[in-house]
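The data block below is input06.pdb; it holds PDB, C-alpha atoms.
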```pdb
ATOM      1  CA  MET A   1     -20.876 -37.832  -9.429
ATOM      2  CA  LYS A   2     -21.212 -36.498  -5.894
ATOM      3  CA  ASN A   3     -22.775 -33.131  -5.260
ATOM      4  CA  ARG A   4     -20.204 -30.372  -5.542
ATOM      5  CA  ILE A   5     -21.736 -28.008  -3.031
ATOM      6  CA  SER A   6     -20.169 -25.920  -0.275
ATOM      7  CA  ASN A   7     -21.233 -23.566   2.478
ATOM      8  CA  ILE A   8     -18.946 -20.970   4.009
ATOM      9  CA  ASP A   9     -19.556 -18.777   7.046
ATOM     10  CA  ARG A  10     -16.926 -16.254   8.034
ATOM     11  CA  LYS A  11     -17.118 -13.584  10.706
ATOM     12  CA  THR A  12     -14.392 -11.077  11.577
ATOM     13  CA  ASN A  13     -14.307  -7.727  13.334
ATOM     14  CA  GLU A  14     -14.992  -6.065   9.980
ATOM     15  CA  THR A  15     -17.295  -8.449   8.079
ATOM     16  CA  ASN A  16     -19.936 -11.143   8.476
ATOM     17  CA  ILE A  17     -20.373 -13.372   5.428
ATOM     18  CA  SER A  18     -22.574 -16.368   4.658
ATOM     19  CA  LEU A  19     -22.152 -18.082   1.298
ATOM     20  CA  SER A  20     -23.469 -21.163  -0.469
ATOM     21  CA  LEU A  21     -22.206 -22.481  -3.811
ATOM     22  CA  ASN A  22     -23.244 -25.257  -6.191
ATOM     23  CA  LEU A  23     -20.746 -25.784  -9.006
ATOM     24  CA  ASP A  24     -23.279 -27.855 -10.944
ATOM     25  CA  GLY A  25     -26.104 -25.375 -10.747
ATOM     26  CA  GLU A  26     -28.210 -23.422 -13.208
ATOM     27  CA  GLY A  27     -26.972 -19.896 -12.622
ATOM     28  CA  LYS A  28     -29.391 -19.131  -9.803
ATOM     29  CA  ARG A  29     -28.005 -16.361  -7.671
ATOM     30  CA  SER A  30     -28.802 -14.055  -4.796
ATOM     31  CA  VAL A  31     -26.069 -11.589  -3.899
ATOM     32  CA  SER A  32     -26.160  -8.895  -1.256
ATOM     33  CA  THR A  33     -22.944  -7.251  -0.072
ATOM     34  CA  GLY A  34     -24.120  -3.673   0.400
ATOM     35  CA  ILE A  35     -21.941  -2.632  -2.550
ATOM     36  CA  GLY A  36     -24.023  -2.166  -5.684
ATOM     37  CA  PHE A  37     -21.336  -2.474  -8.348
ATOM     38  CA  PHE A  38     -19.745  -5.462  -6.611
ATOM     39  CA  ASP A  39     -23.129  -7.205  -6.404
ATOM     40  CA  HIS A  40     -23.490  -6.637 -10.155
ATOM     41  CA  MET A  41     -20.107  -8.247 -10.887
ATOM     42  CA  LEU A  42     -20.775 -11.248  -8.619
ATOM     43  CA  ASP A  43     -24.201 -11.675 -10.186
ATOM     44  CA  LEU A  44     -22.585 -11.793 -13.640
ATOM     45  CA  PHE A  45     -19.989 -14.258 -12.358
ATOM     46  CA  ALA A  46     -22.618 -16.739 -11.142
ATOM     47  CA  LYS A  47     -24.836 -16.261 -14.192
ATOM     48  CA  HIS A  48     -22.116 -16.919 -16.759
ATOM     49  CA  ALA A  49     -20.476 -19.758 -14.807
ATOM     50  CA  LEU A  50     -23.895 -21.394 -14.310
ATOM     51  CA  PHE A  51     -23.130 -21.675 -10.602
ATOM     52  CA  ASP A  52     -25.863 -21.434  -8.005
ATOM     53  CA  LEU A  53     -24.523 -18.785  -5.654
ATOM     54  CA  GLU A  54     -25.950 -17.103  -2.598
ATOM     55  CA  ILE A  55     -23.983 -14.458  -0.723
ATOM     56  CA  LYS A  56     -25.090 -12.411   2.236
ATOM     57  CA  ALA A  57     -22.404 -10.059   3.470
ATOM     58  CA  THR A  58     -22.288  -7.110   5.807
ATOM     59  CA  GLY A  59     -19.205  -5.097   6.573
ATOM     60  CA  ASP A  60     -17.695  -1.788   7.567
ATOM     61  CA  THR A  61     -18.644  -0.137   4.278
ATOM     62  CA  HIS A  62     -19.021   3.159   6.145
ATOM     63  CA  VAL A  63     -15.200   3.133   6.307
ATOM     64  CA  ASP A  64     -14.598   1.851   2.767
ATOM     65  CA  PHE A  65     -15.334  -1.237   0.663
ATOM     66  CA  HIS A  66     -11.946  -2.928   1.014
ATOM     67  CA  HIS A  67     -12.657  -5.374   3.847
ATOM     68  CA  THR A  68     -15.956  -6.530   2.388
ATOM     69  CA  VAL A  69     -14.583  -7.062  -1.129
ATOM     70  CA  GLU A  70     -11.467  -8.883   0.077
ATOM     71  CA  ASP A  71     -13.360 -11.084   2.551
ATOM     72  CA  VAL A  72     -15.985 -12.025  -0.030
ATOM     73  CA  GLY A  73     -13.096 -12.974  -2.328
ATOM     74  CA  ILE A  74     -11.714 -15.193   0.436
ATOM     75  CA  CYS A  75     -15.092 -16.877   0.899
ATOM     76  CA  VAL A  76     -15.752 -17.431  -2.811
ATOM     77  CA  GLY A  77     -12.290 -18.960  -3.147
ATOM     78  CA  LEU A  78     -12.791 -21.233  -0.135
ATOM     79  CA  ALA A  79     -16.197 -22.271  -1.458
ATOM     80  CA  VAL A  80     -14.786 -23.278  -4.849
ATOM     81  CA  LYS A  81     -11.962 -25.222  -3.195
ATOM     82  CA  GLU A  82     -14.309 -27.022  -0.806
ATOM     83  CA  ALA A  83     -16.851 -27.846  -3.523
ATOM     84  CA  LEU A  84     -14.142 -29.321  -5.764
ATOM     85  CA  GLY A  85     -12.891 -31.678  -3.056
ATOM     86  CA  ASP A  86     -10.009 -33.779  -4.386
ATOM     87  CA  LYS A  87     -10.524 -32.302  -7.901
ATOM     88  CA  ALA A  88     -10.518 -35.794  -9.427
ATOM     89  CA  GLY A  89     -11.393 -35.803 -13.114
ATOM     90  CA  ILE A  90     -11.767 -32.068 -13.653
ATOM     91  CA  VAL A  91     -10.607 -30.430 -16.868
ATOM     92  CA  ARG A  92      -8.336 -28.225 -14.701
ATOM     93  CA  PHE A  93      -7.019 -25.826 -17.397
ATOM     94  CA  SER A  94      -8.995 -23.292 -19.405
ATOM     95  CA  ASN A  95      -8.644 -20.035 -21.256
ATOM     96  CA  VAL A  96     -11.219 -17.699 -22.761
ATOM     97  CA  SER A  97     -11.420 -14.310 -24.444
ATOM     98  CA  VAL A  98     -14.457 -12.205 -23.608
ATOM     99  CA  PRO A  99     -15.289  -8.896 -25.290
ATOM    100  CA  MET A 100     -17.393  -6.204 -23.673
ATOM    101  CA  GLN A 101     -18.013  -3.482 -26.233
ATOM    102  CA  GLU A 102     -14.622  -1.803 -26.805
ATOM    103  CA  SER A 103     -12.836  -3.894 -24.143
ATOM    104  CA  LEU A 104     -11.375  -7.388 -24.288
ATOM    105  CA  ALA A 105     -10.355  -9.649 -21.416
ATOM    106  CA  ASN A 106      -8.211 -12.757 -21.880
ATOM    107  CA  ILE A 107      -8.459 -15.140 -18.944
ATOM    108  CA  ALA A 108      -6.364 -18.261 -18.401
ATOM    109  CA  LEU A 109      -6.382 -20.428 -15.297
ATOM    110  CA  ASP A 110      -5.102 -23.657 -13.806
ATOM    111  CA  ILE A 111      -6.760 -25.244 -10.786
ATOM    112  CA  SER A 112      -3.446 -26.576  -9.573
ATOM    113  CA  GLY A 113      -3.569 -26.122  -5.818
ATOM    114  CA  ARG A 114      -0.851 -23.477  -6.184
ATOM    115  CA  SER A 115      -2.003 -19.882  -6.120
ATOM    116  CA  ALA A 116      -0.730 -17.074  -8.308
ATOM    117  CA  LEU A 117      -2.312 -14.040  -9.896
ATOM    118  CA  VAL A 118      -0.984 -12.167 -12.899
ATOM    119  CA  PHE A 119      -3.104  -9.068 -13.433
ATOM    120  CA  ASN A 120      -2.446  -7.036 -16.546
ATOM    121  CA  ALA A 121      -5.304  -4.577 -16.787
ATOM    122  CA  LYS A 122      -5.031  -0.827 -16.893
ATOM    123  CA  LEU A 123      -7.945   0.893 -15.203
ATOM    124  CA  ASP A 124      -7.552   4.599 -15.832
ATOM    125  CA  SER A 125     -10.609   5.492 -13.759
ATOM    126  CA  LYS A 126      -9.978   5.262 -10.027
ATOM    127  CA  LYS A 127     -13.695   4.889  -9.406
ATOM    128  CA  ILE A 128     -16.515   2.979 -11.065
ATOM    129  CA  GLY A 129     -19.422   4.800  -9.508
ATOM    130  CA  ASP A 130     -18.478   4.735  -5.822
ATOM    131  CA  PHE A 131     -16.432   1.532  -6.207
ATOM    132  CA  ASP A 132     -12.626   1.740  -6.102
ATOM    133  CA  SER A 133     -11.276   0.180  -9.309
ATOM    134  CA  GLU A 134      -8.225  -1.217  -7.484
ATOM    135  CA  LEU A 135     -10.522  -3.513  -5.507
ATOM    136  CA  ILE A 136     -11.026  -5.701  -8.586
ATOM    137  CA  LYS A 137      -7.463  -6.912  -8.214
ATOM    138  CA  GLU A 138      -7.889  -7.247  -4.431
ATOM    139  CA  PHE A 139     -10.894  -9.518  -4.953
ATOM    140  CA  LEU A 140      -9.050 -11.656  -7.497
ATOM    141  CA  GLU A 141      -5.996 -11.940  -5.237
ATOM    142  CA  ALA A 142      -8.087 -13.160  -2.305
ATOM    143  CA  PHE A 143     -10.031 -15.502  -4.565
ATOM    144  CA  THR A 144      -6.989 -17.147  -6.176
ATOM    145  CA  VAL A 145      -5.109 -17.627  -2.903
ATOM    146  CA  ASN A 146      -8.050 -19.330  -1.218
ATOM    147  CA  ALA A 147      -9.238 -21.339  -4.225
ATOM    148  CA  GLY A 148      -5.707 -22.575  -4.887
ATOM    149  CA  LEU A 149      -5.555 -21.637  -8.525
ATOM    150  CA  ASN A 150      -3.267 -19.887 -10.955
ATOM    151  CA  LEU A 151      -5.075 -17.025 -12.711
ATOM    152  CA  HIS A 152      -3.836 -14.809 -15.518
ATOM    153  CA  VAL A 153      -5.899 -11.750 -16.449
ATOM    154  CA  ASP A 154      -4.810  -9.818 -19.515
ATOM    155  CA  VAL A 155      -6.740  -6.854 -20.868
ATOM    156  CA  PRO A 156      -4.870  -5.685 -23.992
ATOM    157  CA  TYR A 157      -7.235  -2.805 -24.645
ATOM    158  CA  GLY A 158     -10.306  -1.061 -23.320
ATOM    159  CA  GLU A 159     -11.383   2.452 -22.420
ATOM    160  CA  ASN A 160     -14.396   2.208 -20.127
ATOM    161  CA  ALA A 161     -13.549   0.882 -16.648
ATOM    162  CA  HIS A 162     -17.016  -0.616 -16.189
ATOM    163  CA  HIS A 163     -16.679  -2.504 -19.470
ATOM    164  CA  ILE A 164     -13.197  -3.737 -18.529
ATOM    165  CA  ALA A 165     -14.404  -4.981 -15.134
ATOM    166  CA  GLU A 166     -17.408  -6.683 -16.696
ATOM    167  CA  ALA A 167     -15.259  -8.438 -19.290
ATOM    168  CA  ILE A 168     -12.939  -9.677 -16.508
ATOM    169  CA  PHE A 169     -15.741 -11.109 -14.360
ATOM    170  CA  LYS A 170     -17.544 -12.695 -17.310
ATOM    171  CA  GLY A 171     -14.253 -14.143 -18.543
ATOM    172  CA  LEU A 172     -13.430 -15.509 -15.105
ATOM    173  CA  ALA A 173     -16.881 -17.084 -14.970
ATOM    174  CA  LYS A 174     -16.541 -18.852 -18.317
ATOM    175  CA  ALA A 175     -12.982 -19.970 -17.588
ATOM    176  CA  ILE A 176     -13.733 -21.438 -14.169
ATOM    177  CA  ASP A 177     -16.912 -23.071 -15.470
ATOM    178  CA  ARG A 178     -14.867 -24.908 -18.103
ATOM    179  CA  ALA A 179     -11.979 -25.774 -15.782
ATOM    180  CA  THR A 180     -14.231 -27.253 -13.078
ATOM    181  CA  ARG A 181     -16.151 -29.503 -15.469
ATOM    182  CA  ILE A 182     -15.623 -33.238 -15.239
ATOM    183  CA  ASP A 183     -13.694 -34.550 -18.229
ATOM    184  CA  GLU A 184     -15.756 -37.465 -19.571
ATOM    185  CA  ARG A 185     -12.567 -39.140 -20.789
ATOM    186  CA  THR A 186     -11.416 -39.773 -17.221
ATOM    187  CA  ASN A 187     -12.693 -42.260 -14.674
ATOM    188  CA  GLU A 188     -13.865 -41.471 -11.158
ATOM    189  CA  ASN A 189     -10.270 -41.483  -9.876
ATOM    190  CA  GLY A 190      -9.183 -38.869 -12.383
ATOM    191  CA  MET A 191      -7.155 -41.357 -14.451
ATOM    192  CA  GLU A 192      -7.354 -41.347 -18.220
ATOM    193  CA  LYS A 193      -9.615 -44.017 -19.674
ATOM    194  CA  THR A 194      -8.288 -46.276 -22.374
ATOM    195  CA  ILE A 195     -10.054 -45.262 -25.561
ATOM    196  CA  LEU A 196      -9.927 -47.581 -28.560
ATOM    197  CA  ARG A 197      -9.564 -45.683 -31.784
ATOM    198  CA  ARG A 198      -9.687 -46.997 -35.268
ATOM    199  CA  GLY A 199      -6.378 -46.800 -37.079
TER     200      GLY A 199
END
```

Could I get this structure in the form of structure tokens?
Amino acid sequence: MKNRISNIDRKTNETNISLSLNLDGEGKRSVSTGIGFFDHMLDLFAKHALFDLEIKATGDTHVDFHHTVEDVGICVGLAVKEALGDKAGIVRFSNVSVPMQESLANIALDISGRSALVFNAKLDSKKIGDFDSELIKEFLEAFTVNAGLNLHVDVPYGENAHHIAEAIFKGLAKAIDRATRIDERTNENGMEKTILRRG
């Protein structure tokens, strides 16, 4: 299997981002965006997906966090898409349920090449520390569009916004880890192997 590694550099008037990703890593990560809570979520994402991820981002955080969060989402999505290449042989679909104390996040995704986000999570707190809660959805929107995947996020219950966000990012990590794995029952071209089974 070829190395599934990508490097993304993106510079705009608002942000400057450098990112490297290894889908077949060990969970090594180094994340610096200038946004503490966001760094924490991205760190959890890489850890629980077992991706090697390095992100260095600077942006106009003196204005607000929106541009940095959205542009990092774009870059993470592009990195996943580039690392997957033609997607031959991947599992493609996955769904997981991840609890975080009183909160539960159900995540389902399809790496289809067609982007869509369904986000059903009620975040009563507008802020998590100094982080705007609405930016969680903004990140996921940018990520799904640029990765080319269909993502459903459903949080049926939860009270603490930090716990809800953590459950979402951990769930996304586990779901994308499973979906990007190579299915051993397929050949290198992504076609199903003929498996002889005893009657």

Run the PyMOL selection byres ((chain A and resi 178) around 12) on the file and write out the hits as a ChimeraX atom specification.
/A:23-24,48-51,90-96,107-111,171-177,179-183

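Residues captured in this structure file are Met1, Asn3, Arg4, Ile5, Asn22, Leu23, Asp24, Ala83, Leu84, Gly85, Asp86, Lys87, Ala88, Ile182 and Glu188 of chain A, according to the PyMOL selection byres ((chain A and resi 2) around 12).
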
How big is the axis-aligned box around all listed atoms of region 108-113 of chain A once 6 Å goes on each side, and where's its centre, in Å to one decimal, as AutoDock Vina command-line options?
```
--center_x -5.1 --center_y -22.4 --center_z -12.1 --size_x 15.3 --size_y 20.3 --size_z 24.6
```

Closest of A:His163, A:His152, A:Lys28, A:His40 to Leu104 (chain A) - atom-to-atom distances counting only C-alpha atoms
A:His163

Just checking: using only C-alpha atoms, which residue out of A:Ser115, A:Asn120, A:Ser125, A:Thr58 ends up closest to Thr144 (chain A)?
A:Ser115

Atom pair CA of Asn7 (chain A) + CA of Ala57 (chain A), distance 13.6 Å

Compile the contact shell of Phe131 (chain A) as a short mmCIF file (atom, residue, chain, number, x, y, z; two decimals) with C-alpha atoms, keeping the file's coordinate frame: residues with an atom at most 10 Å away, counting all atoms listed in the file, same-chain residues fewer than 5 positions apart removed.
```
data_model
loop_
_atom_site.label_atom_id
_atom_site.label_comp_id
_atom_site.auth_asym_id
_atom_site.auth_seq_id
_atom_site.Cartn_x
_atom_site.Cartn_y
_atom_site.Cartn_z
CA ILE A 35 -21.94 -2.63 -2.55
CA GLY A 36 -24.02 -2.17 -5.68
CA PHE A 37 -21.34 -2.47 -8.35
CA PHE A 38 -19.74 -5.46 -6.61
CA ASP A 64 -14.60 1.85 2.77
CA PHE A 65 -15.33 -1.24 0.66
CA HIS A 66 -11.95 -2.93 1.01
CA LYS A 126 -9.98 5.26 -10.03
CA ILE A 136 -11.03 -5.70 -8.59
#
```

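Between Glu141 (chain A) and the residues A:Asp154, A:Ile8, A:Val69, A:Glu159, the shortest atom-to-atom distance, using only C-alpha atoms, involves A:Val69.
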
Under the rule that all atoms listed in the file are counted, which of A:Ile55, A:Val76, A:Leu42, A:Ala165 is the nearest residue to Ala105 (chain A)?
A:Ala165

Using the chain letters and numbers from this file, what does the PyMOL selection byres ((chain A and resi 123) around 7) select? Give the answer as a PyMOL selection string.
chain A and resi 121-122+124-125+133+161

From A:Glu134, A:Asp71, A:Thr61, A:Lys81, residue lying nearest Leu21 (chain A) [only C-alpha atoms]
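Smallest distance to Leu21 (chain A) is found for A:Lys81.
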
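Reported to one decimal place, the separation of CA of Gln101 (chain A) from CA of Leu151 (chain A) is 23.1 Å.
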
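Between CA of Pro99 (chain A) and CA of Lys47 (chain A) the interatomic distance comes to 16.4 Å.
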
Tell me which of A:Asp39, A:Glu82, A:Glu26, A:Glu166 sits closest to Thr68 (chain A), counting all atoms listed in the file.
A:Asp39

Contacts of Ala147 (chain A) at 7 Å (all atoms listed in the file; same-chain gap of 6+ positions) as a PDB file with C-alpha atoms, keeping the file's coordinate frame:
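Saved file result_8.pdb follows:
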```
ATOM      1  CA  GLY A  77     -12.290 -18.960  -3.147  1.00  0.00           C
ATOM      2  CA  LEU A  78     -12.791 -21.233  -0.135  1.00  0.00           C
ATOM      3  CA  VAL A  80     -14.786 -23.278  -4.849  1.00  0.00           C
ATOM      4  CA  LYS A  81     -11.962 -25.222  -3.195  1.00  0.00           C
TER       5      LYS A  81
END
```

With 8 Å as the threshold, what does the neighbourhood of (-25.8, -10.6, -8.2) contain in terms of residues, counting only C-alpha atoms? Coordinates are those of the file; answer as a ChimeraX atom specification.
/A:29-32,39-44,46

Taking C-alpha atoms for each residue, export the selection above as a PDB file, in the frame of the given file.
```pdb
ATOM      1  CA  ARG A  29     -28.005 -16.361  -7.671  1.00  0.00           C
ATOM      2  CA  SER A  30     -28.802 -14.055  -4.796  1.00  0.00           C
ATOM      3  CA  VAL A  31     -26.069 -11.589  -3.899  1.00  0.00           C
ATOM      4  CA  SER A  32     -26.160  -8.895  -1.256  1.00  0.00           C
ATOM      5  CA  ASP A  39     -23.129  -7.205  -6.404  1.00  0.00           C
ATOM      6  CA  HIS A  40     -23.490  -6.637 -10.155  1.00  0.00           C
ATOM      7  CA  MET A  41     -20.107  -8.247 -10.887  1.00  0.00           C
ATOM      8  CA  LEU A  42     -20.775 -11.248  -8.619  1.00  0.00           C
ATOM      9  CA  ASP A  43     -24.201 -11.675 -10.186  1.00  0.00           C
ATOM     10  CA  LEU A  44     -22.585 -11.793 -13.640  1.00  0.00           C
ATOM     11  CA  ALA A  46     -22.618 -16.739 -11.142  1.00  0.00           C
TER      12      ALA A  46
END
```

Determine, counting only C-alpha atoms, every residue of protein, DNA or RNA that lies within 10 Å of (-16.8, -8.8, 4.1) in the file coordinates, then give the result as number ranges by chain.
A: 10-18, 33-34, 56-61, 65-75
